[in-house]
file final_38.csv (CSV, C-alpha atoms and all ligand atoms)
chain,number,residue,atom,x,y,z
A,1,PHE,CA,-36.4,43.2,39.3
A,2,GLN,CA,-36.0,42.9,35.6
A,3,GLY,CA,-33.8,44.9,33.4
A,4,VAL,CA,-30.9,45.5,31.0
A,5,LYS,CA,-27.4,45.2,32.6
A,6,GLN,CA,-23.8,45.5,31.8
A,7,GLY,CA,-22.0,42.6,33.4
A,8,THR,CA,-18.2,42.2,33.9
A,9,GLY,CA,-16.7,39.2,32.2
A,10,ASN,CA,-13.3,37.6,32.8
A,11,SER,CA,-12.7,36.0,29.5
A,12,GLN,CA,-10.0,33.5,28.4
A,13,TYR,CA,-8.8,35.3,25.3
A,14,SER,CA,-9.9,39.0,25.5
A,15,GLY,CA,-9.1,40.0,29.1
A,16,ARG,CA,-11.7,41.7,31.2
A,17,VAL,CA,-14.7,42.8,29.1
A,18,THR,CA,-18.1,44.3,29.5
A,19,ILE,CA,-20.9,42.0,28.3
A,20,GLY,CA,-24.6,42.6,27.9
A,21,THR,CA,-26.6,40.7,30.5
A,22,SER,CA,-30.0,41.0,32.0
A,23,GLN,CA,-31.5,40.8,35.5
A,24,SER,CA,-34.4,38.5,36.3
A,25,GLY,CA,-35.5,38.3,39.9
A,26,GLY,CA,-32.5,38.0,42.1
A,27,SER,CA,-30.1,36.7,39.5
A,28,TYR,CA,-28.4,37.7,36.3
A,29,GLN,CA,-28.5,36.0,32.9
A,30,LEU,CA,-26.3,35.9,29.8
A,31,ASN,CA,-29.2,37.4,27.8
A,32,ASP,CA,-28.3,40.5,25.9
A,33,THR,CA,-31.6,42.3,25.4
A,34,THR,CA,-29.8,45.3,23.9
A,35,ARG,CA,-28.8,43.0,21.0
A,36,GLY,CA,-31.9,41.2,20.1
A,37,GLY,CA,-31.9,38.9,23.2
A,38,HIS,CA,-28.7,37.1,22.2
A,39,LYS,CA,-28.1,34.4,24.9
A,40,THR,CA,-25.3,32.0,25.8
A,41,TYR,CA,-26.0,28.5,27.1
A,42,ASN,CA,-23.9,25.9,28.8
A,43,LEU,CA,-24.1,22.4,27.2
A,44,ASN,CA,-21.9,21.0,30.0
A,45,ARG,CA,-20.3,18.5,27.6
A,46,GLY,CA,-23.6,17.4,26.1
A,47,SER,CA,-24.2,17.5,22.4
A,48,SER,CA,-27.9,18.2,22.0
A,49,GLY,CA,-30.6,20.7,23.2
A,50,THR,CA,-29.7,24.0,24.6
A,51,GLY,CA,-28.4,23.0,28.0
A,52,THR,CA,-28.8,25.7,30.6
A,53,LEU,CA,-28.7,29.5,30.2
A,54,PHE,CA,-25.8,30.9,32.1
A,55,THR,CA,-26.9,32.7,35.3
A,56,ASP,CA,-24.9,34.4,38.0
A,57,ALA,CA,-25.5,36.0,41.4
A,58,ASP,CA,-23.4,39.2,41.1
A,59,ASP,CA,-23.1,39.9,37.3
A,60,VAL,CA,-19.3,39.2,37.4
A,61,TRP,CA,-18.7,36.2,35.1
A,62,GLY,CA,-15.9,33.7,34.7
A,63,ASN,CA,-12.4,33.8,36.1
A,64,GLY,CA,-10.3,33.9,32.9
A,65,THR,CA,-9.6,30.2,32.9
A,66,THR,CA,-11.3,26.9,32.1
A,67,SER,CA,-11.7,26.2,35.8
A,68,ASP,CA,-14.8,28.2,35.7
A,69,ALA,CA,-17.4,27.0,33.2
A,70,ALA,CA,-18.7,30.6,32.8
A,71,THR,CA,-15.4,31.7,31.2
A,72,ALA,CA,-16.2,30.2,27.8
A,73,GLY,CA,-19.6,31.7,28.2
A,74,VAL,CA,-18.0,35.1,28.5
A,75,ASP,CA,-15.9,34.7,25.4
A,76,ALA,CA,-18.8,33.5,23.4
A,77,GLN,CA,-21.2,36.2,24.5
A,78,TYR,CA,-18.5,38.9,23.9
A,79,GLY,CA,-17.6,37.6,20.5
A,80,ALA,CA,-21.3,37.6,19.5
A,81,GLN,CA,-21.7,41.1,20.9
A,82,LEU,CA,-18.7,42.4,18.9
A,83,THR,CA,-19.9,40.8,15.7
A,84,TRP,CA,-23.4,42.2,16.3
A,85,ASP,CA,-22.0,45.7,16.9
A,86,TYR,CA,-19.6,45.5,13.9
A,87,TYR,CA,-22.4,44.7,11.4
A,88,LYS,CA,-24.7,47.3,12.9
A,89,ASN,CA,-22.2,50.1,13.2
A,90,VAL,CA,-20.1,49.5,10.1
A,91,HIS,CA,-22.6,48.0,7.7
A,92,GLY,CA,-26.0,49.1,9.1
A,93,ARG,CA,-27.2,45.6,9.5
A,94,THR,CA,-28.9,44.9,12.8
A,95,GLY,CA,-28.8,41.2,13.5
A,96,ILE,CA,-27.9,38.2,11.4
A,97,ARG,CA,-31.0,38.5,9.3
A,98,GLY,CA,-31.1,42.2,9.6
A,99,ASP,CA,-34.3,42.1,11.6
A,100,GLY,CA,-32.9,43.0,15.1
A,101,VAL,CA,-33.5,39.5,16.3
A,102,GLY,CA,-30.6,37.9,18.3
A,103,ALA,CA,-29.4,34.3,18.0
A,104,TYR,CA,-27.7,32.2,20.7
A,105,SER,CA,-24.5,30.5,21.5
A,106,ARG,CA,-23.9,27.1,23.1
A,107,VAL,CA,-20.5,26.4,24.8
A,108,HIS,CA,-18.9,23.3,26.3
A,109,TYR,CA,-20.2,21.1,23.4
A,110,GLY,CA,-19.0,17.5,23.9
A,111,SER,CA,-15.6,16.6,25.2
A,112,ASN,CA,-12.3,17.4,23.6
A,113,TYR,CA,-14.3,18.7,20.6
A,114,VAL,CA,-11.9,20.7,18.4
A,115,ASN,CA,-14.4,22.7,16.3
A,116,ALA,CA,-17.1,25.3,16.4
A,117,PHE,CA,-20.0,25.7,14.0
A,118,TRP,CA,-23.0,27.7,12.9
A,119,SER,CA,-26.3,25.9,12.3
A,120,ASP,CA,-29.2,27.4,10.4
A,121,ASP,CA,-31.5,24.8,12.0
A,122,CYS,CA,-31.1,26.3,15.5
A,123,PHE,CA,-30.0,29.7,14.3
A,124,CYS,CA,-27.2,29.2,16.7
A,125,MET,CA,-23.5,28.9,17.3
A,126,THR,CA,-21.8,26.0,19.0
A,127,TYR,CA,-18.3,25.8,20.5
A,128,GLY,CA,-16.3,22.8,21.6
A,129,ASP,CA,-13.7,23.0,24.4
A,130,GLY,CA,-10.7,22.0,22.2
A,131,SER,CA,-8.0,19.5,22.8
A,132,GLY,CA,-7.9,18.5,26.5
A,133,ASN,CA,-10.9,20.7,27.0
A,134,ALA,CA,-8.3,23.4,27.5
A,135,LYS,CA,-8.8,25.7,24.6
A,136,PRO,CA,-12.5,26.5,23.9
A,137,LEU,CA,-13.0,27.7,20.4
A,138,THR,CA,-14.5,30.9,21.5
A,139,SER,CA,-11.9,33.5,20.4
A,140,ILE,CA,-13.2,36.7,18.7
A,141,ASP,CA,-12.3,35.6,15.2
A,142,VAL,CA,-13.8,32.2,15.5
A,143,ALA,CA,-17.1,33.6,17.0
A,144,ALA,CA,-17.2,36.2,14.2
A,145,HIS,CA,-16.5,33.5,11.6
A,146,GLU,CA,-19.3,31.3,12.8
A,147,MET,CA,-21.8,34.2,13.2
A,148,THR,CA,-20.9,35.3,9.7
A,149,HIS,CA,-22.0,31.9,8.3
A,150,GLY,CA,-25.5,33.0,9.6
A,151,VAL,CA,-25.2,36.3,7.7
A,152,THR,CA,-24.1,34.5,4.5
A,153,ALA,CA,-27.0,32.1,4.8
A,154,ALA,CA,-29.4,35.0,5.2
A,155,THR,CA,-28.0,36.9,2.2
A,156,ALA,CA,-26.1,35.4,-0.8
A,157,ASN,CA,-26.6,31.9,0.7
A,158,LEU,CA,-23.5,30.6,-1.1
A,159,ASN,CA,-23.7,26.9,-1.6
A,160,TYR,CA,-21.3,25.2,0.8
A,161,ALA,CA,-19.4,23.2,-1.9
A,162,GLY,CA,-17.3,24.0,-4.9
A,163,GLU,CA,-16.1,27.5,-5.6
A,164,SER,CA,-19.2,29.1,-3.9
A,165,GLY,CA,-18.3,27.1,-0.8
A,166,GLY,CA,-14.8,28.5,-0.8
A,167,LEU,CA,-16.3,32.0,-1.1
A,168,ASN,CA,-18.7,31.2,1.8
A,169,GLU,CA,-15.8,30.2,4.0
A,170,ALA,CA,-13.7,33.2,2.9
A,171,THR,CA,-16.7,35.5,3.7
A,172,SER,CA,-16.5,34.1,7.3
A,173,ASP,CA,-12.7,34.6,7.5
A,174,ILE,CA,-12.9,38.1,6.0
A,175,PHE,CA,-15.4,39.4,8.5
A,176,ALA,CA,-13.6,37.4,11.3
A,177,ALA,CA,-10.6,39.6,10.6
A,178,ALA,CA,-12.6,42.7,10.2
A,179,VAL,CA,-14.4,42.2,13.5
A,180,GLU,CA,-11.2,41.5,15.3
A,181,PHE,CA,-9.6,44.6,14.0
A,182,TRP,CA,-12.7,46.7,14.7
A,183,ALA,CA,-12.9,45.4,18.3
A,184,ASP,CA,-9.4,46.8,19.0
A,185,ASN,CA,-9.1,44.6,22.1
A,186,PRO,CA,-5.6,44.9,23.5
A,187,SER,CA,-5.6,41.2,24.5
A,188,ASP,CA,-6.4,40.1,20.9
A,189,PRO,CA,-5.3,42.8,18.4
A,190,GLY,CA,-6.5,42.5,14.9
A,191,ASP,CA,-4.7,40.4,12.4
A,192,TYR,CA,-5.0,38.5,9.1
A,193,LEU,CA,-4.7,35.2,10.8
A,194,VAL,CA,-7.6,32.9,11.7
A,195,GLY,CA,-7.7,31.1,15.1
A,196,GLU,CA,-4.3,32.3,16.4
A,197,LYS,CA,-5.6,32.3,20.0
A,198,ILE,CA,-6.9,28.7,20.2
A,199,ASN,CA,-3.7,26.7,19.5
A,200,ILE,CA,-5.6,24.4,17.2
A,201,ASN,CA,-2.4,22.8,15.8
A,202,GLY,CA,-0.8,22.4,19.2
A,203,ASN,CA,2.3,24.4,18.2
A,204,GLY,CA,1.0,27.9,18.4
A,205,THR,CA,0.4,28.4,14.7
A,206,PRO,CA,-3.0,29.7,13.4
A,207,LEU,CA,-5.5,27.8,11.4
A,208,ARG,CA,-5.3,30.0,8.4
A,209,TYR,CA,-3.2,32.9,6.9
A,210,MET,CA,-4.8,35.4,4.7
A,211,ASP,CA,-1.7,37.2,3.4
A,212,LYS,CA,-0.4,33.9,2.0
A,213,PRO,CA,-2.9,31.1,2.5
A,214,SER,CA,-0.6,28.4,1.3
A,215,LYS,CA,1.4,28.8,4.6
A,216,ASP,CA,-1.1,26.3,6.1
A,217,GLY,CA,0.2,23.6,3.7
A,218,ARG,CA,-3.2,23.1,2.1
A,219,SER,CA,-4.9,26.3,1.0
A,220,LYS,CA,-4.3,27.9,-2.4
A,221,ASP,CA,-3.0,31.5,-2.9
A,222,ALA,CA,-4.5,31.9,-6.3
A,223,TRP,CA,-7.5,30.6,-8.4
A,224,TYR,CA,-6.9,27.6,-10.7
A,225,SER,CA,-9.3,25.4,-12.6
A,226,GLY,CA,-9.3,22.6,-9.9
A,227,LEU,CA,-10.0,25.0,-7.0
A,228,GLY,CA,-13.6,24.0,-6.7
A,229,GLY,CA,-12.6,20.4,-6.0
A,230,LEU,CA,-10.9,21.3,-2.7
A,231,ASP,CA,-12.4,21.3,0.8
A,232,VAL,CA,-14.1,24.7,1.2
A,233,HIS,CA,-11.7,25.6,4.0
A,234,TYR,CA,-8.8,25.5,1.4
A,235,SER,CA,-10.7,26.9,-1.6
A,236,SER,CA,-11.3,29.9,0.5
A,237,GLY,CA,-7.6,30.8,0.2
A,238,PRO,CA,-7.6,32.9,-2.9
A,239,ALA,CA,-10.6,35.0,-1.7
A,240,ASN,CA,-8.9,35.5,1.7
A,241,HIS,CA,-5.8,36.5,-0.2
A,242,TRP,CA,-7.8,39.0,-2.3
A,243,PHE,CA,-9.1,40.6,1.0
A,244,TYR,CA,-5.5,40.9,2.3
A,245,LEU,CA,-4.1,42.3,-0.9
A,246,ALA,CA,-7.0,44.7,-1.4
A,247,SER,CA,-6.7,45.9,2.2
A,248,GLU,CA,-2.9,46.1,2.6
A,249,GLY,CA,-1.4,45.7,-0.8
A,250,SER,CA,1.4,43.2,-1.8
A,251,GLY,CA,4.8,42.9,-0.4
A,252,ALA,CA,6.2,42.9,3.2
A,253,LYS,CA,4.3,44.7,5.9
A,254,VAL,CA,3.9,44.7,9.7
A,255,VAL,CA,0.4,45.3,11.1
A,256,ASN,CA,-0.2,45.4,14.9
A,257,GLY,CA,3.2,43.7,15.3
A,258,VAL,CA,2.5,40.8,12.9
A,259,SER,CA,4.7,40.4,9.8
A,260,TYR,CA,3.1,39.6,6.5
A,261,ASP,CA,4.5,39.1,3.0
A,262,SER,CA,1.9,38.7,0.4
A,263,PRO,CA,2.8,37.4,-3.1
A,264,THR,CA,0.8,38.0,-6.3
A,265,SER,CA,0.2,35.4,-8.9
A,266,ASP,CA,1.0,37.7,-11.8
A,267,GLY,CA,4.1,39.2,-10.1
A,268,LEU,CA,2.7,42.7,-10.4
A,269,PRO,CA,2.4,44.8,-7.2
A,270,VAL,CA,-1.0,45.7,-5.7
A,271,THR,CA,-1.7,48.9,-3.9
A,272,GLY,CA,-4.0,48.5,-0.9
A,273,ILE,CA,-7.3,50.4,-0.5
A,274,GLY,CA,-7.5,49.9,3.2
A,275,ARG,CA,-9.3,47.3,5.2
A,276,ASP,CA,-12.5,49.3,5.8
A,277,ASN,CA,-13.0,49.9,2.1
A,278,ALA,CA,-12.3,46.3,1.2
A,279,ALA,CA,-14.8,45.1,3.9
A,280,LYS,CA,-17.4,47.6,2.6
A,281,ILE,CA,-16.9,46.2,-0.9
A,282,TRP,CA,-17.2,42.6,0.2
A,283,PHE,CA,-20.3,43.3,2.3
A,284,LYS,CA,-22.1,45.1,-0.5
A,285,ALA,CA,-21.2,42.4,-3.0
A,286,LEU,CA,-22.4,39.7,-0.6
A,287,THR,CA,-25.7,41.3,0.2
A,288,GLY,CA,-26.3,43.0,-3.2
A,289,ARG,CA,-25.0,40.7,-5.9
A,290,MET,CA,-23.7,37.3,-4.9
A,291,GLN,CA,-26.0,34.3,-5.1
A,292,SER,CA,-25.9,30.7,-4.1
A,293,THR,CA,-24.0,29.6,-7.2
A,294,THR,CA,-21.6,32.5,-7.4
A,295,ASP,CA,-18.1,31.4,-8.3
A,296,TYR,CA,-14.8,33.2,-8.2
A,297,ALA,CA,-15.4,35.0,-11.6
A,298,GLY,CA,-18.8,36.0,-10.3
A,299,ALA,CA,-17.3,37.2,-7.0
A,300,ARG,CA,-15.0,39.4,-8.9
A,301,GLU,CA,-17.9,40.9,-10.9
A,302,ALA,CA,-19.9,41.4,-7.7
A,303,THR,CA,-17.1,43.2,-5.9
A,304,LEU,CA,-16.3,45.4,-8.9
A,305,TRP,CA,-20.0,46.3,-9.1
A,306,ALA,CA,-19.9,47.1,-5.4
A,307,ALA,CA,-16.7,49.1,-5.8
A,308,GLY,CA,-18.3,51.0,-8.7
A,309,GLU,CA,-21.4,51.9,-6.6
A,310,LEU,CA,-19.3,52.9,-3.5
A,311,PHE,CA,-16.3,54.6,-5.1
A,312,GLY,CA,-17.0,55.0,-8.8
A,313,VAL,CA,-16.1,52.9,-11.8
A,314,GLY,CA,-12.5,53.6,-12.7
A,315,SER,CA,-11.7,55.3,-9.4
A,316,ASP,CA,-8.3,54.4,-7.9
A,317,THR,CA,-10.1,52.3,-5.3
A,318,TYR,CA,-12.0,50.4,-8.1
A,319,ASN,CA,-8.8,49.8,-10.1
A,320,ASN,CA,-6.9,48.6,-7.1
A,321,ALA,CA,-9.7,46.2,-6.1
A,322,ALA,CA,-9.5,44.8,-9.7
A,323,ASN,CA,-5.7,44.5,-9.5
A,324,ALA,CA,-6.1,42.4,-6.3
A,325,TRP,CA,-8.3,40.0,-8.3
A,326,ALA,CA,-5.7,39.8,-11.1
A,327,ALA,CA,-3.1,39.0,-8.3
A,328,ILE,CA,-5.1,35.9,-7.4
A,329,ASN,CA,-5.5,34.9,-11.1
A,330,VAL,CA,-9.1,36.0,-11.6
A,331,GLY,CA,-9.5,38.5,-14.5
A,332,SER,CA,-6.9,41.0,-15.5
B,1,LIG,N1,-15.7,25.5,12.1
B,1,LIG,C1,-16.1,25.0,10.7
B,1,LIG,C2,-16.5,26.2,9.9
B,1,LIG,O1,-17.2,27.1,10.4
B,1,LIG,C3,-17.2,24.1,10.8
B,1,LIG,C4,-17.4,23.6,9.4
B,1,LIG,O2,-16.6,22.8,8.9
B,1,LIG,N2,-18.5,24.0,8.8
B,1,LIG,O3,-16.2,26.3,8.8
B,2,ZN,ZN,-16.7,28.3,8.4
call {"tool": "encode", "arguments": {"input": "final_38.csv", "output": "structure tokens"}}
result
Amino acid sequence: FQGVKQGTGNSQYSGRVTIGTSQSGGSYQLNDTTRGGHKTYNLNRGSSGTGTLFTDADDVWGNGTTSDAATAGVDAQYGAQLTWDYYKNVHGRTGIRGDGVGAYSRVHYGSNYVNAFWSDDCFCMTYGDGSGNAKPLTSIDVAAHEMTHGVTAATANLNYAGESGGLNEATSDIFAAAVEFWADNPSDPGDYLVGEKININGNGTPLRYMDKPSKDGRSKDAWYSGLGGLDVHYSSGPANHWFYLASEGSGAKVVNGVSYDSPTSDGLPVTGIGRDNAAKIWFKALTGRMQSTTDYAGAREATLWAAGELFGVGSDTYNNAANAWAAINVGS
């Protein structure tokens, strides 16, 4: 037999989920032929090659904990599937390159490896198992972040250094949040935090905060002339902050049970345009205007061009998007 299947996955971070699998002979594979053949492989603590494609006898995968190697495979396959569906359903983009072709994920990379990454060379995502091999970096937001690096590489191709590097990183955080909200998974509700599920700091705090990026102790809330000299994971802060402000507006707010309080650099309030509109603007700017050398001023221009195309120049949505840029010290 051969065919398209819907497997059941017991994930570590997202509860029981349905994942795209396929059947080949008497066994099932983590090969989602409904999404371009996106596959997930087990590196089994190796650090090169593709390891082995996950297979299973009954199409019920993982046990929700790290005691079953397939659990991380479930989370990775699910995160890629959500990200694929998000770009297709919300932005009309099918696949990372927009050509309907799937990528692949590799889990159990190395030992105690506390990172995940996208590589253009393999057109693939790779996930470590985290500290003590206990927290694989396979949460929805991390998967969407890494897969979005593929989308950025295939579109604006923002150079991964200086201000463009910060914008590249922010693009991954912005769509990580957008995918997580869109997924609406009760085990991992949407938020403006990055990596809140993987306990990367060992004290339960997330890796990044989009409402007030400086809460991580390193990222900046607003643009300043030295921003491009920072690591790209900190120079992303102002653009992440733009996305939060544009979506929700300034001030105190609770979304899905998480409290936010977003400051503005000019002290003026910002009215939100809603997350879906902010994401549409960023996606159109990324795919229609931004280039490898786009800096923060260029990103403002690109998003305002996109806002004009989508909502009309001078519309409330356009003006509020511009106010969110002023609130991170870009333009006025
Ligand atoms: N996880 C990191 C990221 O995607 C890996 C890196 O530093 N590029 O940003
Ligand atoms: Zn990144």
call {"tool": "residues_around", "arguments": {"input": "final_38.csv", "residues": "Tyr87 (chain A)", "least_positions_apart": "6", "cutoff": "9 Å", "atoms": "all atoms listed in the file", "output": "list in words"}}
result
Arg93, Thr94, Gly95, Ile96 and Val179 of chain A
call {"tool": "closest_atom_pairs", "arguments": {"input": "final_38.csv", "of": "region 80-134 of chain A", "to": "region 20-32 of chain A", "cutoff": "10 Å", "atoms": "only C-alpha atoms", "output": "CSV"}}
result
residue,atom,partner,partner_atom,distance
A:Ala80,CA,A:Asp32,CA,9.9
A:Gln81,CA,A:Gly20,CA,7.7
A:Gly102,CA,A:Asp32,CA,8.4
A:Tyr104,CA,A:Asn31,CA,8.9
call {"tool": "closest_residue", "arguments": {"input": "final_38.csv", "among": "A:Gly308, A:Val101, A:Pro136, A:Leu207", "to": "Ser67 (chain A)", "atoms": "all atoms listed in the file"}}
result
A:Pro136
call {"tool": "atom_distance", "arguments": {"input": "final_38.csv", "atom1": "CA of Ala154 (chain A)", "atom2": "CA of Ala170 (chain A)"}}
result
16.0 Å
call {"tool": "residues_around", "arguments": {"input": "final_38.csv", "residues": "region 106-123 of chain A", "least_positions_apart": "4", "cutoff": "9 Å", "atoms": "only C-alpha atoms", "output": "mmCIF file with C-alpha atoms, keeping the file's coordinate frame"}}
result
data_model
loop_
_atom_site.group_PDB
_atom_site.id
_atom_site.type_symbol
_atom_site.label_atom_id
_atom_site.label_comp_id
_atom_site.auth_asym_id
_atom_site.auth_seq_id
_atom_site.Cartn_x
_atom_site.Cartn_y
_atom_site.Cartn_z
ATOM 1 C CA LYS A 39 -28.100 34.400 24.900
ATOM 2 C CA THR A 40 -25.300 32.000 25.800
ATOM 3 C CA TYR A 41 -26.000 28.500 27.100
ATOM 4 C CA ASN A 42 -23.900 25.900 28.800
ATOM 5 C CA LEU A 43 -24.100 22.400 27.200
ATOM 6 C CA ASN A 44 -21.900 21.000 30.000
ATOM 7 C CA ARG A 45 -20.300 18.500 27.600
ATOM 8 C CA GLY A 46 -23.600 17.400 26.100
ATOM 9 C CA SER A 47 -24.200 17.500 22.400
ATOM 10 C CA SER A 48 -27.900 18.200 22.000
ATOM 11 C CA THR A 50 -29.700 24.000 24.600
ATOM 12 C CA GLY A 51 -28.400 23.000 28.000
ATOM 13 C CA LEU A 53 -28.700 29.500 30.200
ATOM 14 C CA ALA A 69 -17.400 27.000 33.200
ATOM 15 C CA ALA A 72 -16.200 30.200 27.800
ATOM 16 C CA GLY A 73 -19.600 31.700 28.200
ATOM 17 C CA ALA A 76 -18.800 33.500 23.400
ATOM 18 C CA TYR A 127 -18.300 25.800 20.500
ATOM 19 C CA GLY A 128 -16.300 22.800 21.600
ATOM 20 C CA ASP A 129 -13.700 23.000 24.400
ATOM 21 C CA GLY A 130 -10.700 22.000 22.200
ATOM 22 C CA SER A 131 -8.000 19.500 22.800
ATOM 23 C CA GLY A 132 -7.900 18.500 26.500
ATOM 24 C CA ASN A 133 -10.900 20.700 27.000
ATOM 25 C CA ALA A 134 -8.300 23.400 27.500
ATOM 26 C CA LYS A 135 -8.800 25.700 24.600
ATOM 27 C CA PRO A 136 -12.500 26.500 23.900
ATOM 28 C CA LEU A 137 -13.000 27.700 20.400
ATOM 29 C CA THR A 138 -14.500 30.900 21.500
ATOM 30 C CA VAL A 142 -13.800 32.200 15.500
ATOM 31 C CA ALA A 143 -17.100 33.600 17.000
ATOM 32 C CA HIS A 145 -16.500 33.500 11.600
ATOM 33 C CA GLU A 146 -19.300 31.300 12.800
ATOM 34 C CA MET A 147 -21.800 34.200 13.200
ATOM 35 C CA THR A 148 -20.900 35.300 9.700
ATOM 36 C CA HIS A 149 -22.000 31.900 8.300
ATOM 37 C CA GLY A 150 -25.500 33.000 9.600
ATOM 38 C CA ALA A 153 -27.000 32.100 4.800
ATOM 39 C CA ILE A 200 -5.600 24.400 17.200
#
call {"tool": "atom_distance", "arguments": {"input": "final_38.csv", "atom1": "CA of Tyr192 (chain A)", "atom2": "CA of Met210 (chain A)"}}
result
5.4 Å
call {"tool": "closest_atom_pairs", "arguments": {"input": "final_38.csv", "of": "region 163-254 of chain A", "to": "region 260-280 of chain A", "cutoff": "10 Å", "atoms": "all atoms listed in the file", "output": "Markdown table"}}
result
| residue | atom | partner | partner_atom | distance |
| --- | --- | --- | --- | --- |
| A:Thr171 | CA | A:Ala279 | CA | 9.8 |
| A:Ile174 | CA | A:Ala279 | CA | 7.6 |
| A:Phe175 | CA | A:Ala279 | CA | 7.3 |
| A:Ala177 | CA | A:Arg275 | CA | 9.5 |
| A:Ala178 | CA | A:Ala279 | CA | 7.1 |
| A:Phe181 | CA | A:Arg275 | CA | 9.2 |
| A:Trp182 | CA | A:Asp276 | CA | 9.3 |
| A:Asp191 | CA | A:Tyr260 | CA | 9.8 |
| A:Tyr192 | CA | A:Tyr260 | CA | 8.6 |
| A:Leu193 | CA | A:Tyr260 | CA | 9.9 |
| A:Tyr209 | CA | A:Tyr260 | CA | 9.2 |
| A:Met210 | CA | A:Ser262 | CA | 8.6 |
| A:Asp211 | CA | A:Ser262 | CA | 4.9 |
| A:Lys212 | CA | A:Ser262 | CA | 5.6 |
| A:Pro213 | CA | A:Ser262 | CA | 9.2 |
| A:Asp221 | CA | A:Ser265 | CA | 7.8 |
| A:Ala222 | CA | A:Ser265 | CA | 6.4 |
| A:Trp223 | CA | A:Ser265 | CA | 9.1 |
| A:His241 | CA | A:Ser262 | CA | 8.0 |
| A:Trp242 | CA | A:Ala278 | CA | 9.3 |
| A:Phe243 | CA | A:Ala278 | CA | 6.5 |
| A:Tyr244 | CA | A:Ser262 | CA | 8.0 |
| A:Leu245 | CA | A:Gly272 | CA | 6.2 |
| A:Ala246 | CA | A:Gly272 | CA | 4.9 |
| A:Ser247 | CA | A:Gly274 | CA | 4.2 |
| A:Glu248 | CA | A:Gly272 | CA | 4.4 |
| A:Gly249 | CA | A:Gly272 | CA | 3.8 |
| A:Ser250 | CA | A:Ser262 | CA | 5.0 |
| A:Gly251 | CA | A:Asp261 | CA | 5.1 |
| A:Ala252 | CA | A:Asp261 | CA | 4.2 |
| A:Lys253 | CA | A:Tyr260 | CA | 5.3 |
| A:Val254 | CA | A:Tyr260 | CA | 6.1 |
call {"tool": "build_atoms", "arguments": {"input": "final_38.csv", "residues": "region 158-169 of chain A", "atoms": "N, CA and C atoms", "output": "compact mmCIF listing (two decimals), in the coordinates of the input"}}
result
# COMPACT_ATOMS: atom_id res chain seq x y z
N LEU A 158 -24.46 31.37 -0.29
CA LEU A 158 -23.50 30.60 -1.10
C LEU A 158 -23.47 29.15 -0.77
N ASN A 159 -23.70 28.32 -1.77
CA ASN A 159 -23.70 26.90 -1.60
C ASN A 159 -22.37 26.43 -0.96
N TYR A 160 -22.45 25.53 0.03
CA TYR A 160 -21.30 25.20 0.80
C TYR A 160 -20.48 24.04 0.14
N ALA A 161 -20.23 24.19 -1.15
CA ALA A 161 -19.40 23.20 -1.90
C ALA A 161 -18.89 23.93 -3.13
N GLY A 162 -17.84 23.39 -3.71
CA GLY A 162 -17.30 24.00 -4.90
C GLY A 162 -16.76 25.40 -4.65
N GLU A 163 -16.63 26.18 -5.72
CA GLU A 163 -16.10 27.50 -5.60
C GLU A 163 -16.98 28.41 -4.67
N SER A 164 -18.30 28.25 -4.78
CA SER A 164 -19.20 29.10 -3.90
C SER A 164 -18.94 28.71 -2.44
N GLY A 165 -18.61 27.45 -2.17
CA GLY A 165 -18.30 27.10 -0.80
C GLY A 165 -17.04 27.72 -0.28
N GLY A 166 -16.04 27.82 -1.16
CA GLY A 166 -14.80 28.50 -0.80
C GLY A 166 -15.10 30.00 -0.51
N LEU A 167 -15.98 30.58 -1.30
CA LEU A 167 -16.30 32.00 -1.10
C LEU A 167 -17.15 32.16 0.20
N ASN A 168 -17.98 31.16 0.52
CA ASN A 168 -18.70 31.20 1.80
C ASN A 168 -17.73 31.17 2.96
N GLU A 169 -16.78 30.26 2.91
CA GLU A 169 -15.80 30.20 4.00
C GLU A 169 -14.95 31.48 4.04
